[in-house]
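*Asks:* Have a look at the structure that comes next, please.
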Amino acid sequence: MSSWEENIRKVVPYVPGEQPKRKDVIKLNTNECPYPPAPEVKELAEKMQYEDFRLYPDPEAESLVSALSAYYHVPQDQIYVGVGSDDVLSMAFLTFFNSDLPVVFPDITYSFYDVWADLYHIPYRRLLLDENFRMVKEDYFGHNGGVIFPNPNAPTGLLEDLDTVEDIIRNNPDVVVIVDEAYIDFGGKSALPLIDKYENLLVVQTFSKSRAMAGMRIGYAFGSKKLIGYLKDAKFSFNSYTMNRPSLELGAASVRDDAYFRETCARIVRTRERVKGQLKELGFTFPDSASNFIFARNEKVSGQELFDALKAHGIFVRHWNAPRISDYLRITIGTDEQMDALVGFLKEYLKK
């Protein structure tokens, strides 16, 4: 190693789901919404002025924050926005996890958490999910430097009830607790109402899944005024202009079209529940997903074999060669036609 490399911050980076270059594939590997954004988003995008792109965006993101405030009935000074929930979470790690004690999160969870912890030199400990992939809430009551977990969890799709979530928050009064709700719109109750009860709670959500705007990179968080203030201080010490002008305006337009948002979520849930039944008939088992994906395995065929066979057929799903989950595939819920193609292929393949 060269001498100039000795003090470089070195990490093993997060590996996102594959983005295939081919167009003739069924892409069920990154939990994107299979339907377009709200019609108002399209209408506004077509009217946007090219000349406006020369100007910096509003560092306070007022148009988007105002729309979120009105929709969720949360004061603007209790809302933080960033470039996707990944940006929001990364900034939260940097801001709130500043202790010699380890941050704790599940052993099977969003695989960016340990990457951020390594990047910022934050000690951490993975806590084992039980045999049913459930959190053991008492494990999170111990001495720690912070808590983060997704609800519903990824990649399992399991939802912990709000009483469990509150128990974890209540038993961690001295550290920040982050509830990552990227998939909450597909069947769960948000912890948002708890932010006025617990000053140390941060609830993070995203436009990437239920609002069909992964390409715009919009994430947001709710918390106490004090907590959000600290997060903004860190952001403005890092980059004041994180969100671009189109994202701010188009994100606000998406929030205004509540009927389309709710119907899109309902369509995905209907398809998810139908496909659960079909996968069971084919011998698959899976946790009862409350998200926009199913985490499934088949006892007769390994996860790697099914992943390779599906990919060769032009159907992309997600697979991790990791302890406890190597035989599972995470299958994003696509359109009915896409899911019919997936199920049809599996029927034929499993006959062999």
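Order determines the names: the first chain of the structure tokens is A, the second B, and so forth; residues in each chain are numbered 1 upward, and ligands are numbered 1 upward as they are shown.
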Would you mind listing what lies within 7 Å of range 175-187 of chain A as a ChimeraX atom specification, with only C-alpha atoms counted and same-chain residues fewer than 2 positions away left out?
*Replies:* /A:96,145-152,169,172-173,189-190,200-206,209-210,265,269,290-292
*Asks:* Residues within 8 Å of Ile122 in chain A, please, as a ChimeraX atom specification. Count only C-alpha atoms; anything in the same chain fewer than 5 positions from it doesn't count.
*Replies:* /A:97-100,102-103,117
*Asks:* Write down as a PyMOL selection string the residues belonging to range 141-210 of chain A that are assigned helix (DSSP H, G or I) by DSSP computed on the backbone.
*Replies:* chain A and resi 141+162-170+184-186+192-196
*Asks:* Write out, as a compact mmCIF listing (two decimals), in the first residue's frame, the residues just selected, with N, CA and C atoms.
*Replies:*
```txt
# COMPACT_ATOMS: atom_id res chain seq x y z
N PHE A 141 -33.40 -3.22 24.40
CA PHE A 141 -33.55 -2.43 25.61
C PHE A 141 -32.22 -2.19 26.32
N LEU A 162 -47.31 -1.52 16.29
CA LEU A 162 -46.91 -0.22 16.84
C LEU A 162 -46.59 -0.32 18.33
N ASP A 163 -47.22 -1.26 19.05
CA ASP A 163 -46.90 -1.44 20.47
C ASP A 163 -45.44 -1.88 20.65
N THR A 164 -44.99 -2.79 19.77
CA THR A 164 -43.60 -3.24 19.82
C THR A 164 -42.65 -2.09 19.52
N VAL A 165 -42.98 -1.32 18.50
CA VAL A 165 -42.15 -0.17 18.14
C VAL A 165 -42.06 0.81 19.31
N GLU A 166 -43.20 1.08 19.93
CA GLU A 166 -43.19 2.04 21.04
C GLU A 166 -42.43 1.50 22.25
N ASP A 167 -42.52 0.20 22.49
CA ASP A 167 -41.76 -0.39 23.59
C ASP A 167 -40.26 -0.16 23.41
N ILE A 168 -39.79 -0.30 22.18
CA ILE A 168 -38.37 -0.09 21.90
C ILE A 168 -38.00 1.37 22.12
N ILE A 169 -38.84 2.27 21.67
CA ILE A 169 -38.57 3.70 21.85
C ILE A 169 -38.58 4.05 23.34
N ARG A 170 -39.59 3.57 24.05
CA ARG A 170 -39.75 3.88 25.47
C ARG A 170 -38.55 3.40 26.29
N ILE A 184 -43.97 1.51 4.64
CA ILE A 184 -45.10 1.58 5.55
C ILE A 184 -46.44 1.75 4.84
N ASP A 185 -46.43 2.29 3.63
CA ASP A 185 -47.69 2.58 2.94
C ASP A 185 -48.38 1.35 2.37
N PHE A 186 -47.74 0.18 2.48
CA PHE A 186 -48.31 -1.02 1.90
C PHE A 186 -48.97 -1.94 2.93
N LEU A 192 -45.37 7.75 13.12
CA LEU A 192 -45.40 9.21 13.07
C LEU A 192 -46.12 9.84 14.27
N PRO A 193 -47.28 9.31 14.71
CA PRO A 193 -47.95 9.95 15.86
C PRO A 193 -47.12 9.98 17.13
N LEU A 194 -46.06 9.16 17.19
CA LEU A 194 -45.26 9.09 18.41
C LEU A 194 -44.20 10.18 18.51
N ILE A 195 -44.00 10.97 17.45
CA ILE A 195 -42.92 11.96 17.49
C ILE A 195 -43.19 13.06 18.51
N ASP A 196 -44.47 13.32 18.82
CA ASP A 196 -44.79 14.34 19.81
C ASP A 196 -44.70 13.79 21.23
```
*Asks:* I want to know what sits within 10 Å of Leu306 in chain A, based on only C-alpha atoms, with residues of the same chain fewer than 4 positions away left out; could you give that as number ranges by chain?
*Replies:* A: 297-298, 301-302, 310-312, 317, 319, 327-329, 346, 349-350
*Asks:* Name the closest residue to Lys347 in chain A among the candidates A:Phe284, A:Phe293, A:Tyr110, A:Phe238; distances are taken between atoms, counting only C-alpha atoms.
*Replies:*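 So, comparing all the options, the nearest one is A:Phe284.
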*Asks:* For the interface of range 76-192 of chain A with range 13-34 of chain A (cut-off 9 Å, counting only C-alpha atoms), please tabulate each contacting residue of range 76-192 of chain A alongside its nearest pair of atoms and their separation in Å to one decimal, rows sorted by chain and increasing number, as a Markdown table.
*Replies:*
```
| residue | atom | partner | partner_atom | distance |
| --- | --- | --- | --- | --- |
| A:Ser111 | CA | A:Tyr14 | CA | 6.9 |
| A:Phe112 | CA | A:Tyr14 | CA | 5.7 |
| A:Asp114 | CA | A:Tyr14 | CA | 8.9 |
| A:Val115 | CA | A:Tyr14 | CA | 6.3 |
| A:Trp116 | CA | A:Tyr14 | CA | 8.9 |
| A:Leu119 | CA | A:Pro13 | CA | 8.9 |
```
*Asks:* Please extract the residues of range 159-272 of chain A with a backbone DSSP assignment of strand (DSSP E) and present them as a list in words.
*Replies:*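 Residues meeting the strand (DSSP E) criterion: Val177, Ile178, Val179, Asp180, Leu201, Leu202, Val203, Val204, Gln205, Thr206, Gly219, Tyr220, Ala221, Phe222 and Gly223 of chain A.
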*Asks:* What is the CA of Asp118 in chain A to CA of Gly215 in chain A distance in Å?
*Replies:*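 If I compute the distance from CA of Asp118 in chain A to CA of Gly215 in chain A, I get 26.5 Å.
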*Asks:* In terms of the shortest atom-to-atom distance over only C-alpha atoms, which of A:Phe105, A:Tyr241, A:Phe53, A:Phe207 is closest to Met135 in chain A?
*Replies:*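 Nearest candidate to Met135 in chain A out of A:Phe105, A:Tyr241, A:Phe53, A:Phe207: A:Phe105.
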*Asks:* Which residues of range 25-132 of chain A come within 6 Å of range 218-228 of chain A, and for each one, what is the closest pair of atoms and their distance in Å to one decimal, counting only C-alpha atoms, sorted by chain and residue number, as CSV?
*Replies:*
```
residue,atom,partner,partner_atom,distance
A:Asp77,CA,A:Lys225,CA,5.7
A:Gln78,CA,A:Lys225,CA,4.9
A:Ile79,CA,A:Phe222,CA,4.8
A:Tyr80,CA,A:Ala221,CA,5.1
A:Val81,CA,A:Tyr220,CA,4.1
A:Gly82,CA,A:Gly219,CA,5.2
A:Val83,CA,A:Ile218,CA,5.0
A:Gly84,CA,A:Gly219,CA,3.9
A:Ser85,CA,A:Gly219,CA,4.0
```
*Asks:* Output the selection as an mmCIF file, in the first residue's frame - C-alpha atoms for each residue.
*Replies:*
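Okay, part_27.cif is ready:
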```cif
data_model
loop_
_atom_site.group_PDB
_atom_site.id
_atom_site.type_symbol
_atom_site.label_atom_id
_atom_site.label_comp_id
_atom_site.auth_asym_id
_atom_site.auth_seq_id
_atom_site.Cartn_x
_atom_site.Cartn_y
_atom_site.Cartn_z
ATOM 1 C CA ASP A 77 -40.024 22.690 11.634
ATOM 2 C CA GLN A 78 -40.543 18.989 12.412
ATOM 3 C CA ILE A 79 -39.846 17.855 8.829
ATOM 4 C CA TYR A 80 -36.532 17.235 7.106
ATOM 5 C CA VAL A 81 -36.092 16.376 3.408
ATOM 6 C CA GLY A 82 -33.158 14.881 1.535
ATOM 7 C CA VAL A 83 -32.022 13.160 -1.640
ATOM 8 C CA GLY A 84 -33.861 9.893 -1.108
ATOM 9 C CA SER A 85 -34.248 8.239 2.278
#
```
*Asks:* If I take CA of Gly283 in chain A and CA of Leu342 in chain A, how far is one from the other in Å, to one decimal?
*Replies:*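 Atom-to-atom, CA of Gly283 in chain A to CA of Leu342 in chain A, that is 14.6 Å.
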*Asks:* Smallest atom-to-atom distance to Leu55 in chain A: which of A:Asn321, A:Asp174, A:Arg245, A:Phe307, using only C-alpha atoms?
*Replies:*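 The closest residue to Leu55 in chain A is A:Arg245.
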*Asks:* Which value, in Å to one decimal, gives the distance between CA of Arg211 in chain A and CA of Val74 in chain A?
*Replies:*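 Distance between the two atoms: 19.2 Å.
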*Asks:* May I ask which of the residues A:Gly229, A:Gly314, A:Pro246, A:Gly344 is the closest one to Gln76 in chain A, counting only C-alpha atoms?
*Replies:*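 Selected residue with least distance to Gln76 in chain A: A:Gly229.
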